[in-house]
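Enquirer: Here you go, one structure.
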Amino acid sequence: MRWALVKVCLAVTAMVVIAFAVPLGLVIKEMARDRAFSDAERQAATIGPTLTITTDPGELTRAALSTEPGGRGRLAVHVPATEPGGSRLEIGVRRATREDVETVRKSGRASIAEVRGGSTLLQPTALGSGGIAVVEVFVPEGEVSNGVGTAWLVLAGVGIALIVGSVAVADRLGVRMVEPAQRLAGAAQDLGEGRLGTRVPEDGPTELRSAAAAFNSMADQVVQLLANERELAADLSHRLRTPLTVLRLNAASLGEGPAAEQTRAAVEQLEREVDTIIRTAREQRPQTQGGPQGAGAGCDVSEVVRERMGFWSALAEDQGRTVRLAGVDRTVRIPVARPELAAALDALLGNVFRHTPEGTAFAVDVHHSGDAVLVLVSDAGPGIPDPESALARGASGRKGTRGAVGSTGLGLDIVRRVAESTGGDLRIGRSVLGGTEVRIWIGLEGGPAERARRGHRVGRRSGRRGPRGRRSRSAEFRGAPGNGPNL
C-alpha cells in the first residue's frame with residue numbers, strides 16, 4: 001500500500017508538472033522572441049527621421065552607423081529610386097531576399113524573414129519624397145532565445161522539487177496508514193495463534209482507528225466467550241457432585257463384597273475425573289464475573305428451596321440428620337433463573353453432607369426483607385476455620401477449609417456469582433447451631449440492596465478493632481435483628 005500510494009502520487013504530480021511547465025516554457029520562449037523583435041523595431045525606428053529628411057547616401061550611412069545595430073553590422077536600409085531611370089540605394093549588408101523587401105515595400109507592413117544565423121525584421125519607413133524605404137535589422141538566433149534556457153532549467157528544477165516533495169509527503173502518509181494496518185494484521189495473526197491478550201493501539205486514520213477499536217472489542221468478546229465456556233464447563237462439572245455425593249453415600253451402605261467394592265471404586269474414580277475437569281477448567285480460565293440475568297429470568301425461591309430440600313431430605317433421613325426448614329410458606333420471586341438457584345442450593349447442601357459427620361443437623365431459612373431475600377444454610381458441624389480462604393475461588397482444596405483436601409472450591413463460587421448477579425453477595429460465619437452459616441444475599445432492587453450491602457461492609461471494616469486490637473469472627477454475625485442470625 002505504501003509504494004502504491006507513492007507511485008500514484010508520483011504519477012499525478014508528474015502529470016501536473018508537465019501540464020503546467022511545458023506551456024509555461026513555450027510562453028517564455030515566445031516572450032523572449034517578442035522582446036528581441038520589439039528591440040529591433042525600436043532600433044529600426046531611430047533611423048526613420050533621417051529618411052524623412054534626406055536620401056543622401058553619406059548622410060544615411062552616418063545615421064546608420066550611429067545606431068547600435070548599424071555599428072555592429074546588423075542594420076541595412078533599402079531606398080527605392082526616387083527619379084525615373086534612377087538606381088536603388090542600399091546602405092549596409094542585405095540579408096533578406098529582394099522579394100521579401102519588395103513585398104514589405106508594397107504592403108507597407110513590417111515582416112520577419114528567416115535568414116541564415118537568425119531572422120531579419122523588415123520595417124517600412126516613409127521618405128520625404130513620398131516613397132517607401134525598408135529598414136532591415138538582423139536579429140541573431142542567440143538574441144531570440146536569450147534567457148530561455150535558464151528559464152527552462154528553473155522550471156525543470158521547480159518541477160523536480162515538486163515531484164520529490166510530493167513523493168516524500170506520500171511516503172510519510174503511506175507510513176502513517178500502513179503501520180496501523182500492519183499492526184492490525186499482526187495482532188489478528190497473534191490472536192489467531194492463541195495469544196488472547198493481544199490488543200491494538202487505536203491510532204492512525206479514522207477508518208483504521210475504528211478498525212482497531214472493533215478488533216479490540218472483538219478480542220475482548222473472544223476472551224469473555226472462552227472464559228464463559230470454561231466457567232460453564234467447570235460449573236456443570238461441579239453440579240455433577242450432587243448426584244455423586246448421593247452415589248458415594250449409597251455405596252457406603254452396600255456393605256462388604258466384590259460388587260460393593262467395585263461400586264465404591266467406580267464412584268471414587270468418577271469423583272476424581274470430575275475434580276480433574278473442574279481443576280483444568282479453573283486453571284485455564286481467567287477471572288470473569290457473571291453478568292446479570294436476562295430480563296425474563298426469575299423464579300420462586302420458596303418453591304425451589306422446598307423442591308431441593310425434598311431431594312436431600314431422603315439422604316438426610318438415611319444419615320440420621322435433623323432438618324429444619326423455615327420461611328418457605330409464601331411465594332418470593334427473585335431475579336435468578338431457576339437452574340442457577342437450584343445449582344447454588346445443591347452446592348451448599350452437598351457441602352453439608354460432604355464435610356460434616358453423619359447425624360449433623362442442618363437448616364435452611366428464607367427471609368424476605370423488602371428489597372432483598374436472604375437464604376441461610378447453617379449446620380451444627382465443626383465449622384470453617386478460615387472463611388476468607390473458603391471464599392477464594394479454587395482455594396478450598398487447601399487443608400483447613402472444612403477439612404477437604406480434594407475439594408475444588410467452585411461450589412461457593414457458583415453461589416457467589418448467583419448473588420452478585422443481583423447486586424448481592426455471599427457471607428460465611430458461625431451459625432446458632434454451632435457450625436457454619438452461609439448467607440446468600442439476593443437483591444430484588446439494585447439500588448437499595450446495593451446500598452444496604454455496602455453499608456454492611458463498611459460496618460464490618462469499622463468493627464474489626466476492639467479492646468484487643470481485633471474483633472473475633474463470630475462476633476460479626478451476632479446481634480443483628482431478624483428471624484435468624486445475621487452475617
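In the C-alpha cells, the first chain shown is A, the next is B, and so on; residue numbers restart at 1 for each chain, and ligands run from 1 in the order shown.
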Please provide as a list in words all residues within 10 Å of Ala170 (chain A), with the sequence filter that same-chain residues fewer than 6 positions apart are discarded (counting only C-alpha atoms).

Expert: Arg2, Trp3, Ala4, Leu5, Val6, Lys7, Val8, Cys9, Leu10, Val164 and Arg176 of chain A

Enquirer: Taking C-alpha atoms for each residue, export the selection above as a compact mmCIF listing (two decimals), in the first residue's frame.

Expert:
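Wrote out.txt, looks like this:
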```txt
# COMPACT_ATOMS: atom_id res chain seq x y z
CA ARG A 2 2.84 2.35 0.84
CA TRP A 3 4.59 2.02 -2.52
CA ALA A 4 1.30 2.06 -4.39
CA LEU A 5 0.47 5.40 -2.76
CA VAL A 6 3.94 6.74 -3.66
CA LYS A 7 3.55 5.65 -7.29
CA VAL A 8 0.12 7.23 -7.57
CA CYS A 9 1.36 10.49 -6.09
CA LEU A 10 4.43 10.43 -8.39
CA VAL A 164 10.39 14.87 -4.82
CA ARG A 176 1.02 6.60 8.75
```

Enquirer: Output as JSON lines one row per residue of region 15-72 of chain A within 7 Å of region 122-144 of chain A: the closest atom pair and its distance in Å to one decimal place, counting only C-alpha atoms, sorted by chain and residue number ascending.

Expert:
```
{"residue": "A:Ala32", "atom": "CA", "partner": "A:Val144", "partner_atom": "CA", "distance": 6.1}
{"residue": "A:Arg33", "atom": "CA", "partner": "A:Val144", "partner_atom": "CA", "distance": 4.8}
{"residue": "A:Ala36", "atom": "CA", "partner": "A:Val144", "partner_atom": "CA", "distance": 5.5}
{"residue": "A:Ala40", "atom": "CA", "partner": "A:Val137", "partner_atom": "CA", "distance": 6.2}
{"residue": "A:Ala44", "atom": "CA", "partner": "A:Val135", "partner_atom": "CA", "distance": 6.2}
{"residue": "A:Gly48", "atom": "CA", "partner": "A:Thr125", "partner_atom": "CA", "distance": 6.2}
{"residue": "A:Leu51", "atom": "CA", "partner": "A:Leu127", "partner_atom": "CA", "distance": 5.5}
{"residue": "A:Thr52", "atom": "CA", "partner": "A:Gly128", "partner_atom": "CA", "distance": 4.3}
{"residue": "A:Ile53", "atom": "CA", "partner": "A:Gly128", "partner_atom": "CA", "distance": 5.8}
```

Enquirer: For CA of Leu349 (chain A) and CA of Val364 (chain A), determine how far apart the two atoms are, in Å to one decimal place.

Expert: 9.2 Å

Enquirer: Going by DSSP on the backbone, which residues of region 312-385 of chain A come out as strand (DSSP E or B)? List them as a PyMOL selection string.

Expert: chain A and resi 323-326+333-334+362-368+372-379

Enquirer: Please provide as a count of residues only all residues within 10 Å of region 252-262 of chain A, with the sequence filter that same-chain residues fewer than 6 positions apart are discarded (counting only C-alpha atoms).

Expert: 3

Enquirer: Using only C-alpha atoms, which protein or nucleic acid residues come within 9 Å of Leu433 (chain A)? Drop anything in the same chain fewer than 4 positions from it, and give the result as a list in words.

Expert: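 Here the qualifying residues turn out to be Ala361, Phe362, Ala363, Ser378, Asp379, Ala380, Gly381 and Glu437 of chain A.
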
Enquirer: Quick one: of A:Gly350, A:Pro382, A:Gly359, A:Gly149, who's nearest to Leu26 (chain A), counting only C-alpha atoms?

Expert: A:Gly149

Enquirer: I need the residues in region 171-343 of chain A that are helix (DSSP H, G or I) according to DSSP; give them as a ChimeraX atom specification.

Expert: /A:171-192,206-239,241-252,258-284,301-318,338-343

Enquirer: Would you mind telling me which residue in A:Val115, A:Leu196, A:Ala211, A:Leu121 lies nearest to Arg183 (chain A) when using only C-alpha atoms?

Expert: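 Closest candidate: A:Ala211.
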
Enquirer: Expressed in Å to a single decimal, how great is the separation between CA of Met31 (chain A) and CA of Gly92 (chain A)?

Expert: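 Going from CA of Met31 (chain A) over to CA of Gly92 (chain A) covers 28.8 Å.
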
Enquirer: Any idea what's packed within 10 Å of region 329-342 of chain A, counting only C-alpha atoms, ignoring anything in its chain fewer than 2 positions away? Could you give it as an MDAnalysis selection string?

Expert: chainID A and resid 239 292:308 325:327 344:347 366:368 372:373 414:415 417:419 421:422 442:445

Enquirer: For the atom pair CA of Ser313 (chain A) and CA of Gly411 (chain A), what is the interatomic distance in Å to one decimal place?

Expert: 20.0 Å

Enquirer: Could you list, as a list in words, every residue within 9 Å of Thr61 (chain A), counting only C-alpha atoms and ignoring same-chain residues fewer than 4 positions away?

Expert: Asp56, Pro57, Leu65, Ser66, Gly70, Val77, Ile91 and Gly92 of chain A

Enquirer: Which neighbours of Met177 (chain A) fall inside 7 Å, counting only C-alpha atoms, when residues of the same chain fewer than 4 positions from it are skipped, and could you give them as a ChimeraX atom specification?

Expert: /A:173,181,204-205

Enquirer: Would you save the residues of that selection, restricted to C-alpha atoms, as a PDB file, in the first residue's frame?

Expert:
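Contents of out.pdb, freshly written:
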```pdb
ATOM      1  CA  LEU A 173       1.280   9.423   4.630  1.00  0.00           C
ATOM      2  CA  ALA A 181      -2.692  -1.664   9.193  1.00  0.00           C
ATOM      3  CA  GLY A 204      -3.815   6.389  12.680  1.00  0.00           C
ATOM      4  CA  PRO A 205      -6.556   7.470  10.236  1.00  0.00           C
TER       5      PRO A 205
END
```
